[in-house]
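*Asks:* Supplied structure: query-v3.cif, mmCIF, C-alpha atoms and all ligand atoms.
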data_run
loop_
_atom_site.group_PDB
_atom_site.id
_atom_site.type_symbol
_atom_site.label_atom_id
_atom_site.label_comp_id
_atom_site.auth_asym_id
_atom_site.auth_seq_id
_atom_site.Cartn_x
_atom_site.Cartn_y
_atom_site.Cartn_z
ATOM 1 C CA MET A 1 -0.716 -42.724 178.810
ATOM 2 C CA ILE A 2 -2.597 -39.940 177.040
ATOM 3 C CA SER A 3 -5.125 -40.483 174.304
ATOM 4 C CA VAL A 4 -6.310 -37.370 172.514
ATOM 5 C CA GLN A 5 -9.482 -37.972 170.547
ATOM 6 C CA ASN A 6 -10.886 -35.588 167.974
ATOM 7 C CA LEU A 7 -9.813 -32.570 169.995
ATOM 8 C CA CYS A 8 -11.187 -29.200 168.900
ATOM 9 C CA LYS A 9 -10.586 -25.776 170.344
ATOM 10 C CA TYR A 10 -12.323 -22.793 168.808
ATOM 11 C CA PHE A 11 -11.838 -19.158 169.730
ATOM 12 C CA LYS A 12 -13.830 -16.014 168.958
ATOM 13 C CA LYS A 13 -17.232 -17.692 168.784
ATOM 14 C CA ASP A 14 -15.841 -20.480 166.632
ATOM 15 C CA ALA A 15 -14.307 -18.108 164.059
ATOM 16 C CA ILE A 16 -10.821 -19.401 164.856
ATOM 17 C CA ARG A 17 -10.242 -23.114 164.737
ATOM 18 C CA ALA A 18 -7.038 -23.381 166.726
ATOM 19 C CA LEU A 19 -7.449 -27.159 166.980
ATOM 20 C CA ASP A 20 -9.597 -28.845 164.416
ATOM 21 C CA GLY A 21 -9.985 -32.528 165.229
ATOM 22 C CA ILE A 22 -6.648 -33.714 166.601
ATOM 23 C CA SER A 23 -6.268 -37.365 167.522
ATOM 24 C CA VAL A 24 -3.032 -38.769 168.868
ATOM 25 C CA ASP A 25 -1.839 -41.287 171.431
ATOM 26 C CA ILE A 26 1.059 -40.553 173.717
ATOM 27 C CA ARG A 27 2.749 -43.575 175.218
ATOM 28 C CA GLN A 28 4.919 -43.830 178.277
ATOM 29 C CA GLY A 29 8.496 -42.873 177.386
ATOM 30 C CA ASP A 30 7.522 -41.131 174.157
ATOM 31 C CA VAL A 31 9.489 -38.033 173.281
ATOM 32 C CA ILE A 32 7.194 -36.257 170.888
ATOM 33 C CA ALA A 33 8.259 -33.214 168.940
ATOM 34 C CA ALA A 34 5.406 -31.024 167.731
ATOM 35 C CA ILE A 35 6.345 -28.839 164.794
ATOM 36 C CA GLY A 36 4.476 -26.559 162.439
ATOM 37 C CA PRO A 37 4.131 -22.966 161.305
ATOM 38 C CA SER A 38 3.263 -20.136 163.653
ATOM 39 C CA GLY A 39 -0.449 -20.167 164.456
ATOM 40 C CA SER A 40 -0.884 -23.839 163.586
ATOM 41 C CA GLY A 41 -2.180 -24.704 167.059
ATOM 42 C CA LYS A 42 0.925 -26.127 168.721
ATOM 43 C CA SER A 43 0.622 -24.108 171.941
ATOM 44 C CA THR A 44 -3.119 -24.637 172.126
ATOM 45 C CA PHE A 45 -2.558 -28.373 171.779
ATOM 46 C CA LEU A 46 0.009 -28.414 174.573
ATOM 47 C CA ARG A 47 -2.066 -26.162 176.821
ATOM 48 C CA SER A 48 -5.106 -28.372 176.294
ATOM 49 C CA LEU A 49 -3.244 -31.394 177.618
ATOM 50 C CA ASN A 50 -3.078 -29.900 181.108
ATOM 51 C CA LEU A 51 -6.293 -27.928 180.708
ATOM 52 C CA LEU A 52 -4.774 -24.460 180.553
ATOM 53 C CA GLU A 53 -7.224 -24.383 177.657
ATOM 54 C CA MET A 54 -10.558 -26.129 177.981
ATOM 55 C CA PRO A 55 -11.325 -27.956 174.731
ATOM 56 C CA THR A 56 -14.417 -27.023 172.765
ATOM 57 C CA SER A 57 -15.036 -30.687 171.985
ATOM 58 C CA GLY A 58 -13.292 -34.015 171.887
ATOM 59 C CA SER A 59 -11.678 -35.854 174.748
ATOM 60 C CA ILE A 60 -8.332 -36.320 176.417
ATOM 61 C CA LEU A 61 -7.908 -39.591 178.249
ATOM 62 C CA PHE A 62 -5.128 -39.653 180.818
ATOM 63 C CA HIS A 63 -4.640 -43.221 182.016
ATOM 64 C CA GLY A 64 -8.089 -43.893 180.619
ATOM 65 C CA VAL A 65 -9.865 -41.081 182.461
ATOM 66 C CA ASP A 66 -11.354 -38.261 180.413
ATOM 67 C CA ILE A 67 -9.834 -35.150 181.963
ATOM 68 C CA THR A 68 -12.184 -32.802 180.101
ATOM 69 C CA GLN A 69 -14.995 -33.942 182.376
ATOM 70 C CA LYS A 70 -16.011 -31.498 185.089
ATOM 71 C CA LYS A 71 -15.293 -33.667 188.090
ATOM 72 C CA VAL A 72 -11.570 -33.899 187.332
ATOM 73 C CA ASN A 73 -9.226 -32.284 189.865
ATOM 74 C CA ILE A 74 -7.240 -29.885 187.700
ATOM 75 C CA ASP A 75 -4.573 -29.171 190.331
ATOM 76 C CA GLN A 76 -3.853 -32.840 190.762
ATOM 77 C CA LEU A 77 -3.682 -33.287 187.015
ATOM 78 C CA ARG A 78 -1.216 -30.432 186.619
ATOM 79 C CA GLN A 79 1.078 -31.978 189.216
ATOM 80 C CA LYS A 80 1.380 -34.946 186.925
ATOM 81 C CA MET A 81 2.106 -32.802 183.892
ATOM 82 C CA GLY A 82 5.049 -30.459 184.296
ATOM 83 C CA MET A 83 5.077 -27.519 181.925
ATOM 84 C CA VAL A 84 7.939 -25.355 180.729
ATOM 85 C CA PHE A 85 7.199 -22.163 178.834
ATOM 86 C CA GLN A 86 9.138 -19.997 176.448
ATOM 87 C CA HIS A 87 9.469 -17.233 179.038
ATOM 88 C CA PHE A 88 10.554 -19.313 182.064
ATOM 89 C CA ASN A 89 7.792 -17.958 184.363
ATOM 90 C CA LEU A 90 9.973 -18.004 187.479
ATOM 91 C CA PHE A 91 8.755 -15.963 190.453
ATOM 92 C CA PRO A 92 10.949 -12.839 190.323
ATOM 93 C CA HIS A 93 10.832 -12.023 194.038
ATOM 94 C CA ARG A 94 11.842 -15.470 195.163
ATOM 95 C CA THR A 95 15.273 -17.049 195.114
ATOM 96 C CA ILE A 96 15.993 -19.985 192.846
ATOM 97 C CA LEU A 97 15.715 -22.320 195.826
ATOM 98 C CA GLN A 98 12.386 -20.780 196.865
ATOM 99 C CA ASN A 99 11.134 -21.073 193.304
ATOM 100 C CA MET A 100 11.913 -24.764 193.493
ATOM 101 C CA THR A 101 10.475 -25.534 196.936
ATOM 102 C CA LEU A 102 7.321 -23.413 196.891
ATOM 103 C CA ALA A 103 4.954 -25.798 195.112
ATOM 104 C CA PRO A 104 6.187 -29.025 196.742
ATOM 105 C CA GLU A 105 5.833 -27.436 200.197
ATOM 106 C CA LYS A 106 2.440 -25.901 199.519
ATOM 107 C CA VAL A 107 0.813 -28.484 197.316
ATOM 108 C CA LEU A 108 2.521 -31.730 198.287
ATOM 109 C CA ARG A 109 3.089 -30.631 201.915
ATOM 110 C CA MET A 110 6.690 -31.734 201.577
ATOM 111 C CA PRO A 111 8.723 -30.808 204.681
ATOM 112 C CA ARG A 112 11.028 -27.860 204.001
ATOM 113 C CA GLU A 113 14.201 -29.830 204.678
ATOM 114 C CA MET A 114 13.229 -32.528 202.251
ATOM 115 C CA ALA A 115 12.187 -30.016 199.601
ATOM 116 C CA THR A 116 15.455 -28.122 199.995
ATOM 117 C CA GLU A 117 17.528 -31.253 199.696
ATOM 118 C CA LYS A 118 15.629 -32.379 196.606
ATOM 119 C CA ALA A 119 15.959 -28.929 195.054
ATOM 120 C CA LEU A 120 19.708 -28.824 195.618
ATOM 121 C CA GLN A 121 20.044 -32.279 194.107
ATOM 122 C CA LEU A 122 18.160 -31.218 190.998
ATOM 123 C CA LEU A 123 20.087 -27.968 190.737
ATOM 124 C CA ARG A 124 23.302 -29.959 190.939
ATOM 125 C CA ARG A 125 22.066 -32.104 188.074
ATOM 126 C CA VAL A 126 21.872 -29.008 185.851
ATOM 127 C CA GLY A 127 25.045 -27.418 187.195
ATOM 128 C CA LEU A 128 23.334 -24.635 189.137
ATOM 129 C CA GLU A 129 23.670 -25.685 192.749
ATOM 130 C CA ASP A 130 25.782 -22.618 193.505
ATOM 131 C CA ARG A 131 22.962 -20.324 192.299
ATOM 132 C CA ALA A 132 20.380 -21.545 194.810
ATOM 133 C CA ASP A 133 20.269 -18.236 196.658
ATOM 134 C CA ALA A 134 20.346 -16.025 193.580
ATOM 135 C CA TYR A 135 17.248 -14.313 192.203
ATOM 136 C CA PRO A 136 16.018 -15.061 188.685
ATOM 137 C CA ILE A 137 17.154 -11.671 187.406
ATOM 138 C CA GLN A 138 20.742 -12.606 188.275
ATOM 139 C CA LEU A 139 20.668 -15.615 185.966
ATOM 140 C CA SER A 140 21.150 -15.855 182.224
ATOM 141 C CA GLY A 141 18.230 -16.969 180.071
ATOM 142 C CA GLY A 142 19.716 -20.425 179.676
ATOM 143 C CA GLN A 143 20.192 -20.763 183.430
ATOM 144 C CA LYS A 144 16.634 -19.600 184.076
ATOM 145 C CA GLN A 145 15.251 -22.160 181.700
ATOM 146 C CA ARG A 146 17.315 -24.932 183.295
ATOM 147 C CA VAL A 147 15.830 -23.874 186.638
ATOM 148 C CA ALA A 148 12.321 -23.859 185.153
ATOM 149 C CA ILE A 149 12.834 -27.438 183.982
ATOM 150 C CA VAL A 150 14.058 -28.770 187.310
ATOM 151 C CA ARG A 151 11.427 -26.757 189.153
ATOM 152 C CA ALA A 152 8.810 -28.707 187.203
ATOM 153 C CA LEU A 153 10.635 -31.944 188.093
ATOM 154 C CA MET A 154 10.250 -31.174 191.807
ATOM 155 C CA MET A 155 6.637 -32.360 191.526
ATOM 156 C CA GLU A 156 7.732 -35.666 189.987
ATOM 157 C CA PRO A 157 5.487 -35.336 186.958
ATOM 158 C CA GLU A 158 4.671 -38.258 184.709
ATOM 159 C CA VAL A 159 4.965 -36.184 181.591
ATOM 160 C CA MET A 160 6.742 -32.948 180.754
ATOM 161 C CA LEU A 161 5.294 -30.440 178.304
ATOM 162 C CA PHE A 162 7.615 -27.903 176.696
ATOM 163 C CA ASP A 163 6.392 -24.935 174.679
ATOM 164 C CA GLU A 164 9.268 -23.578 172.610
ATOM 165 C CA PRO A 165 11.653 -23.732 175.575
ATOM 166 C CA THR A 166 14.584 -22.301 173.632
ATOM 167 C CA SER A 167 12.856 -19.689 171.469
ATOM 168 C CA ALA A 168 13.494 -16.773 173.832
ATOM 169 C CA LEU A 169 17.161 -17.613 174.358
ATOM 170 C CA ASP A 170 20.262 -16.090 172.888
ATOM 171 C CA PRO A 171 21.702 -18.615 170.432
ATOM 172 C CA GLU A 172 24.681 -19.484 172.599
ATOM 173 C CA MET A 173 22.361 -20.654 175.379
ATOM 174 C CA VAL A 174 20.150 -22.943 173.342
ATOM 175 C CA GLY A 175 22.543 -25.886 173.593
ATOM 176 C CA GLU A 176 22.712 -26.000 177.379
ATOM 177 C CA VAL A 177 18.909 -26.168 177.639
ATOM 178 C CA LEU A 178 18.578 -28.783 174.908
ATOM 179 C CA ASP A 179 21.250 -30.824 176.689
ATOM 180 C CA VAL A 180 19.179 -30.854 179.879
ATOM 181 C CA MET A 181 16.126 -31.915 177.885
ATOM 182 C CA LYS A 182 18.103 -34.598 176.103
ATOM 183 C CA GLU A 183 19.326 -35.955 179.417
ATOM 184 C CA LEU A 184 15.772 -35.952 180.719
ATOM 185 C CA ALA A 185 14.616 -37.878 177.661
ATOM 186 C CA HIS A 186 17.308 -40.460 178.320
ATOM 187 C CA THR A 187 15.939 -41.044 181.822
ATOM 188 C CA GLY A 188 12.748 -42.258 180.156
ATOM 189 C CA MET A 189 10.623 -39.200 180.867
ATOM 190 C CA THR A 190 7.573 -38.881 178.652
ATOM 191 C CA MET A 191 7.878 -35.546 176.878
ATOM 192 C CA VAL A 192 5.905 -33.443 174.427
ATOM 193 C CA VAL A 193 8.059 -30.687 173.005
ATOM 194 C CA VAL A 194 6.849 -27.878 170.779
ATOM 195 C CA THR A 195 10.010 -26.732 169.084
ATOM 196 C CA HIS A 196 11.638 -25.059 166.143
ATOM 197 C CA GLU A 197 14.841 -26.951 166.870
ATOM 198 C CA MET A 198 14.673 -29.485 164.075
ATOM 199 C CA GLY A 199 17.981 -31.021 165.163
ATOM 200 C CA PHE A 200 16.482 -31.814 168.551
ATOM 201 C CA ALA A 201 13.262 -33.153 167.024
ATOM 202 C CA ARG A 202 15.314 -35.392 164.798
ATOM 203 C CA GLU A 203 17.830 -36.680 167.304
ATOM 204 C CA VAL A 204 15.880 -36.894 170.537
ATOM 205 C CA GLY A 205 12.264 -37.332 169.456
ATOM 206 C CA ASN A 206 10.913 -40.788 168.722
ATOM 207 C CA ARG A 207 7.846 -39.296 167.025
ATOM 208 C CA VAL A 208 7.176 -36.041 165.261
ATOM 209 C CA LEU A 209 3.789 -34.369 164.826
ATOM 210 C CA PHE A 210 3.327 -31.781 162.109
ATOM 211 C CA LEU A 211 0.451 -29.406 162.739
ATOM 212 C CA ASP A 212 -0.969 -26.989 160.221
ATOM 213 C CA GLN A 213 -4.111 -24.888 160.582
ATOM 214 C CA GLY A 214 -5.258 -26.776 163.647
ATOM 215 C CA LYS A 215 -4.920 -30.183 162.057
ATOM 216 C CA LEU A 216 -2.466 -32.977 162.614
ATOM 217 C CA VAL A 217 -1.396 -33.153 159.007
ATOM 218 C CA GLU A 218 1.341 -35.747 159.304
ATOM 219 C CA GLU A 219 2.819 -37.902 162.015
ATOM 220 C CA GLY A 220 5.764 -40.257 161.977
ATOM 221 C CA THR A 221 9.231 -41.121 163.119
ATOM 222 C CA PRO A 222 11.899 -38.467 162.617
ATOM 223 C CA GLU A 223 13.202 -40.548 159.715
ATOM 224 C CA GLN A 224 9.787 -40.468 158.030
ATOM 225 C CA ILE A 225 9.041 -36.822 158.726
ATOM 226 C CA PHE A 226 12.445 -35.417 157.803
ATOM 227 C CA GLY A 227 13.588 -38.082 155.350
ATOM 228 C CA ALA A 228 10.401 -38.737 153.403
ATOM 229 C CA PRO A 229 7.739 -36.113 154.137
ATOM 230 C CA LYS A 230 4.530 -36.888 152.269
ATOM 231 C CA ASN A 231 2.248 -33.908 152.722
ATOM 232 C CA PRO A 232 3.069 -30.941 150.464
ATOM 233 C CA ARG A 233 2.573 -28.489 153.343
ATOM 234 C CA LEU A 234 5.084 -30.390 155.450
ATOM 235 C CA GLN A 235 7.502 -30.418 152.525
ATOM 236 C CA GLU A 236 7.061 -26.686 152.131
ATOM 237 C CA PHE A 237 7.536 -26.098 155.869
ATOM 238 C CA LEU A 238 10.711 -28.165 155.985
ATOM 239 C CA ALA A 239 12.099 -26.394 152.935
ATOM 240 C CA LYS A 240 11.790 -23.133 154.884
ATOM 241 C CA VAL A 241 13.193 -24.243 158.214
ATOM 242 C CA LEU A 242 15.933 -26.698 157.323
HETATM 243 P P1 LIG B 1 1.157 -21.862 167.586
HETATM 244 O O1 LIG B 1 1.564 -22.155 168.995
HETATM 245 O O2 LIG B 1 1.312 -23.037 166.666
HETATM 246 O O3 LIG B 1 1.832 -20.653 167.034
HETATM 247 P P2 LIG B 1 -1.413 -21.223 168.781
HETATM 248 O O4 LIG B 1 -1.889 -22.484 169.380
HETATM 249 O O5 LIG B 1 -0.824 -20.217 169.682
HETATM 250 O O6 LIG B 1 -0.419 -21.548 167.568
HETATM 251 O O7 LIG B 1 -2.618 -20.526 168.020
HETATM 252 C C1 LIG B 1 -3.454 -21.181 167.093
HETATM 253 C C2 LIG B 1 -4.502 -20.226 166.601
HETATM 254 O O8 LIG B 1 -5.383 -19.907 167.658
HETATM 255 C C3 LIG B 1 -3.952 -18.899 166.086
HETATM 256 O O9 LIG B 1 -4.754 -18.473 165.038
HETATM 257 C C4 LIG B 1 -4.105 -17.990 167.290
HETATM 258 O O10 LIG B 1 -4.216 -16.649 166.894
HETATM 259 C C5 LIG B 1 -5.396 -18.506 167.902
HETATM 260 N N1 LIG B 1 -5.450 -18.316 169.360
HETATM 261 C C6 LIG B 1 -4.660 -18.892 170.283
HETATM 262 N N2 LIG B 1 -5.023 -18.526 171.526
HETATM 263 C C7 LIG B 1 -6.072 -17.679 171.387
HETATM 264 C C8 LIG B 1 -6.912 -16.944 172.301
HETATM 265 N N3 LIG B 1 -6.719 -17.044 173.628
HETATM 266 N N4 LIG B 1 -7.878 -16.188 171.791
HETATM 267 C C9 LIG B 1 -8.103 -16.125 170.458
HETATM 268 N N5 LIG B 1 -7.362 -16.779 169.549
HETATM 269 C C10 LIG B 1 -6.356 -17.555 169.992
HETATM 270 MG MG MG B 2 2.979 -21.264 170.211
#
Go ahead and express the file in the form of structure tokens.
Ligand code: ADP
Ligand code: MG
*Replies:*
Amino acid sequence: MISVQNLCKYFKKDAIRALDGISVDIRQGDVIAAIGPSGSGKSTFLRSLNLLEMPTSGSILFHGVDITQKKVNIDQLRQKMGMVFQHFNLFPHRTILQNMTLAPEKVLRMPREMATEKALQLLRRVGLEDRADAYPIQLSGGQKQRVAIVRALMMEPEVMLFDEPTSALDPEMVGEVLDVMKELAHTGMTMVVVTHEMGFAREVGNRVLFLDQGKLVEEGTPEQIFGAPKNPRLQEFLAKVL
């Protein structure tokens, strides 16, 4: 589905090599966990996939089309790639329902009734149907993140990108968000998840990427990465986080 080829992203006139030649293929139905120390390039990698960052060099083929080329319609691309951030990014002055229906109505020209029905269905799926008319501030962090996930699903994306979706949550709310993500993975959704939740990476991911200093240092199944890590930097990282 997505083929990343020798992707580089430099900042500060090339002084910072956030991504330094990353190549990876993402297949339909993959649930990829991206792990690595802070500053290793995980967010930049994820943000490059839907062009929130424009790569310095390299290419990203999405269904065979290089999306780093100028003629690509970025809005259309982003519809196909849902993104969930650490800090939810819900619109504070809109109700949960309005947060859900805004983009489908505006971008997909979905009739309001249809958008509302779809939103309520998705909210039901994450146990939040009764909060449709609440405002984000009235929800817990875990609830907000569940809304952010189903809001992204409103656009029927082909792939979902998650950037540390549980890092800003109180510990008791991490599980409810991971459960929603786990359920989503079981529906066959293609997912790329930047996470510090090694349990999730191990149980739900089918592949794990370890990034360090902008490089994809090691890649493998959870069994390989957690059971028999080869690279010393991965071994060191795991010794700290496990
Ligand atoms: P991670 O998500 O793994 O913590 P990031 O992708 O956020 O890492 O960052 C990788 C490197 O790129 C870091 O050194 C970071 O400081 C740098 N970086 C990220 N975004 C920018 C930016 N907009 N401007 C300058 N440097 C950046
Ligand atoms: Mg990050």
*Asks:* Could you check which of A:Gly188, A:Gly214, A:Gly220, A:Pro104 is closest to ligand LIG 1 (chain B), using all atoms listed in the file?
*Replies:*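 Nearest to ligand LIG 1 (chain B): A:Gly214.
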*Asks:* Using all atoms listed in the file, which of the listed residues (A:Leu234, A:Ile137, A:Leu46, A:Ile32) sits closest to ligand LIG 1 (chain B)?
*Replies:*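 Of the candidates, the smallest distance to ligand LIG 1 (chain B) is held by A:Leu46.
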*Asks:* With only C-alpha atoms and all ligand atoms counted, collect every polymer residue having an atom within 8 Å of ligand MG 2 (chain B); state the result as a PyMOL selection string.
*Replies:* chain A and resi 38-39+41-44+163-164+194
*Asks:* Write the residues of the preceding selection, restricted to C-alpha atoms, as an mmCIF file, in the frame of the given file.
*Replies:*
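Result file follows (out.cif):
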data_model
loop_
_atom_site.group_PDB
_atom_site.id
_atom_site.type_symbol
_atom_site.label_atom_id
_atom_site.label_comp_id
_atom_site.auth_asym_id
_atom_site.auth_seq_id
_atom_site.Cartn_x
_atom_site.Cartn_y
_atom_site.Cartn_z
ATOM 1 C CA SER A 38 3.263 -20.136 163.653
ATOM 2 C CA GLY A 39 -0.449 -20.167 164.456
ATOM 3 C CA GLY A 41 -2.180 -24.704 167.059
ATOM 4 C CA LYS A 42 0.925 -26.127 168.721
ATOM 5 C CA SER A 43 0.622 -24.108 171.941
ATOM 6 C CA THR A 44 -3.119 -24.637 172.126
ATOM 7 C CA ASP A 163 6.392 -24.935 174.679
ATOM 8 C CA GLU A 164 9.268 -23.578 172.610
ATOM 9 C CA VAL A 194 6.849 -27.878 170.779
#
*Asks:* Using all atoms listed in the file, which protein or nucleic acid residues are at most 12 Å from ligand LIG 1 (chain B), as an mmCIF file with C-alpha atoms, in the frame of the given file?
*Replies:*
data_model
loop_
_atom_site.group_PDB
_atom_site.id
_atom_site.type_symbol
_atom_site.label_atom_id
_atom_site.label_comp_id
_atom_site.auth_asym_id
_atom_site.auth_seq_id
_atom_site.Cartn_x
_atom_site.Cartn_y
_atom_site.Cartn_z
ATOM 1 C CA CYS A 8 -11.187 -29.200 168.900
ATOM 2 C CA LYS A 9 -10.586 -25.776 170.344
ATOM 3 C CA TYR A 10 -12.323 -22.793 168.808
ATOM 4 C CA PHE A 11 -11.838 -19.158 169.730
ATOM 5 C CA LYS A 12 -13.830 -16.014 168.958
ATOM 6 C CA LYS A 13 -17.232 -17.692 168.784
ATOM 7 C CA ASP A 14 -15.841 -20.480 166.632
ATOM 8 C CA ALA A 15 -14.307 -18.108 164.059
ATOM 9 C CA ILE A 16 -10.821 -19.401 164.856
ATOM 10 C CA ARG A 17 -10.242 -23.114 164.737
ATOM 11 C CA ALA A 18 -7.038 -23.381 166.726
ATOM 12 C CA LEU A 19 -7.449 -27.159 166.980
ATOM 13 C CA ASP A 20 -9.597 -28.845 164.416
ATOM 14 C CA ALA A 34 5.406 -31.024 167.731
ATOM 15 C CA ILE A 35 6.345 -28.839 164.794
ATOM 16 C CA GLY A 36 4.476 -26.559 162.439
ATOM 17 C CA PRO A 37 4.131 -22.966 161.305
ATOM 18 C CA SER A 38 3.263 -20.136 163.653
ATOM 19 C CA GLY A 39 -0.449 -20.167 164.456
ATOM 20 C CA SER A 40 -0.884 -23.839 163.586
ATOM 21 C CA GLY A 41 -2.180 -24.704 167.059
ATOM 22 C CA LYS A 42 0.925 -26.127 168.721
ATOM 23 C CA SER A 43 0.622 -24.108 171.941
ATOM 24 C CA THR A 44 -3.119 -24.637 172.126
ATOM 25 C CA PHE A 45 -2.558 -28.373 171.779
ATOM 26 C CA LEU A 46 0.009 -28.414 174.573
ATOM 27 C CA ARG A 47 -2.066 -26.162 176.821
ATOM 28 C CA SER A 48 -5.106 -28.372 176.294
ATOM 29 C CA LEU A 52 -4.774 -24.460 180.553
ATOM 30 C CA GLU A 53 -7.224 -24.383 177.657
ATOM 31 C CA MET A 54 -10.558 -26.129 177.981
ATOM 32 C CA PRO A 55 -11.325 -27.956 174.731
ATOM 33 C CA PHE A 85 7.199 -22.163 178.834
ATOM 34 C CA GLN A 86 9.138 -19.997 176.448
ATOM 35 C CA PHE A 162 7.615 -27.903 176.696
ATOM 36 C CA ASP A 163 6.392 -24.935 174.679
ATOM 37 C CA GLU A 164 9.268 -23.578 172.610
ATOM 38 C CA SER A 167 12.856 -19.689 171.469
ATOM 39 C CA VAL A 193 8.059 -30.687 173.005
ATOM 40 C CA VAL A 194 6.849 -27.878 170.779
ATOM 41 C CA THR A 195 10.010 -26.732 169.084
ATOM 42 C CA HIS A 196 11.638 -25.059 166.143
ATOM 43 C CA LEU A 209 3.789 -34.369 164.826
ATOM 44 C CA PHE A 210 3.327 -31.781 162.109
ATOM 45 C CA LEU A 211 0.451 -29.406 162.739
ATOM 46 C CA ASP A 212 -0.969 -26.989 160.221
ATOM 47 C CA GLN A 213 -4.111 -24.888 160.582
ATOM 48 C CA GLY A 214 -5.258 -26.776 163.647
ATOM 49 C CA LYS A 215 -4.920 -30.183 162.057
ATOM 50 C CA LEU A 216 -2.466 -32.977 162.614
#
*Asks:* Counting all atoms listed in the file, which of A:Asn99, A:Gln145, A:Gln28, A:Thr166 gets nearest to Asp133 of chain A?
*Replies:*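 Looking only at the distances to Asp133 of chain A, the closest residue turns out to be A:Asn99.
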*Asks:* Quote the spacing between atom CA of Thr56 of chain A and atom CA of Thr190 of chain A in Å to one decimal place.
*Replies:*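 Between these atoms lies a distance of 25.7 Å.
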*Asks:* Grab the atom CA of Leu238 of chain A to atom CA of Val24 of chain A distance for me, in Å with one decimal place.
*Replies:*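 About the pair atom CA of Leu238 of chain A and atom CA of Val24 of chain A: they are 21.6 Å apart.
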*Asks:* Name the residues that the PyMOL selection byres (((chain A and resi 146) around 12) and not hetatm) pulls out of this structure, and write them as a CSV table (one decimal) with C-alpha atoms, in the coordinates of the input.
*Replies:*
chain,number,residue,atom,x,y,z
A,84,VAL,CA,7.9,-25.4,180.7
A,85,PHE,CA,7.2,-22.2,178.8
A,86,GLN,CA,9.1,-20.0,176.4
A,87,HIS,CA,9.5,-17.2,179.0
A,88,PHE,CA,10.6,-19.3,182.1
A,89,ASN,CA,7.8,-18.0,184.4
A,90,LEU,CA,10.0,-18.0,187.5
A,96,ILE,CA,16.0,-20.0,192.8
A,100,MET,CA,11.9,-24.8,193.5
A,122,LEU,CA,18.2,-31.2,191.0
A,123,LEU,CA,20.1,-28.0,190.7
A,124,ARG,CA,23.3,-30.0,190.9
A,125,ARG,CA,22.1,-32.1,188.1
A,126,VAL,CA,21.9,-29.0,185.9
A,127,GLY,CA,25.0,-27.4,187.2
A,128,LEU,CA,23.3,-24.6,189.1
A,129,GLU,CA,23.7,-25.7,192.7
A,131,ARG,CA,23.0,-20.3,192.3
A,136,PRO,CA,16.0,-15.1,188.7
A,139,LEU,CA,20.7,-15.6,186.0
A,140,SER,CA,21.2,-15.9,182.2
A,141,GLY,CA,18.2,-17.0,180.1
A,142,GLY,CA,19.7,-20.4,179.7
A,143,GLN,CA,20.2,-20.8,183.4
A,144,LYS,CA,16.6,-19.6,184.1
A,145,GLN,CA,15.3,-22.2,181.7
A,147,VAL,CA,15.8,-23.9,186.6
A,148,ALA,CA,12.3,-23.9,185.2
A,149,ILE,CA,12.8,-27.4,184.0
A,150,VAL,CA,14.1,-28.8,187.3
A,151,ARG,CA,11.4,-26.8,189.2
A,152,ALA,CA,8.8,-28.7,187.2
A,153,LEU,CA,10.6,-31.9,188.1
A,165,PRO,CA,11.7,-23.7,175.6
A,166,THR,CA,14.6,-22.3,173.6
A,169,LEU,CA,17.2,-17.6,174.4
A,173,MET,CA,22.4,-20.7,175.4
A,174,VAL,CA,20.2,-22.9,173.3
A,175,GLY,CA,22.5,-25.9,173.6
A,176,GLU,CA,22.7,-26.0,177.4
A,177,VAL,CA,18.9,-26.2,177.6
A,178,LEU,CA,18.6,-28.8,174.9
A,179,ASP,CA,21.2,-30.8,176.7
A,180,VAL,CA,19.2,-30.9,179.9
A,181,MET,CA,16.1,-31.9,177.9
A,183,GLU,CA,19.3,-36.0,179.4
A,184,LEU,CA,15.8,-36.0,180.7
*Asks:* What does the distance from atom CA of Glu117 of chain A to atom CA of Glu156 of chain A come to in Å, to one decimal?
*Replies:*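 Atom CA of Glu156 of chain A lies at a distance of 14.5 Å from atom CA of Glu117 of chain A.
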*Asks:* Smallest atom-to-atom distance to Lys182 of chain A: which of A:Leu49, A:Ala132, A:Ala228, A:Ala201, using all atoms listed in the file?
*Replies:* A:Ala201
*Asks:* For each of A:Ser23, A:Asn6, A:Thr116, A:Gln224, take the minimum atom-to-atom distance to Gly58 of chain A, counting all atoms listed in the file, then give the residue where this is smallest.
*Replies:*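 Comparing A:Ser23, A:Asn6, A:Thr116, A:Gln224 against Gly58 of chain A, the winner is A:Asn6.
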*Asks:* Can you spell out as a list in words the set of residues that the PyMOL selection byres (((chain A and resi 60) around 8) and not hetatm) selects in the structure I just provided?
*Replies:*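 Against this file, the PyMOL selection byres (((chain A and resi 60) around 8) and not hetatm) returns the residues Ile2, Ser3, Val4, Gln5, Leu7, Leu49, Gly58, Ser59, Leu61, Phe62, Val65, Asp66, Ile67 and Thr68 of chain A.
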*Asks:* Using only C-alpha atoms, which of A:Met83, A:Leu77, A:Lys118, A:Pro222 sits nearest Leu97 of chain A?
*Replies:* A:Lys118
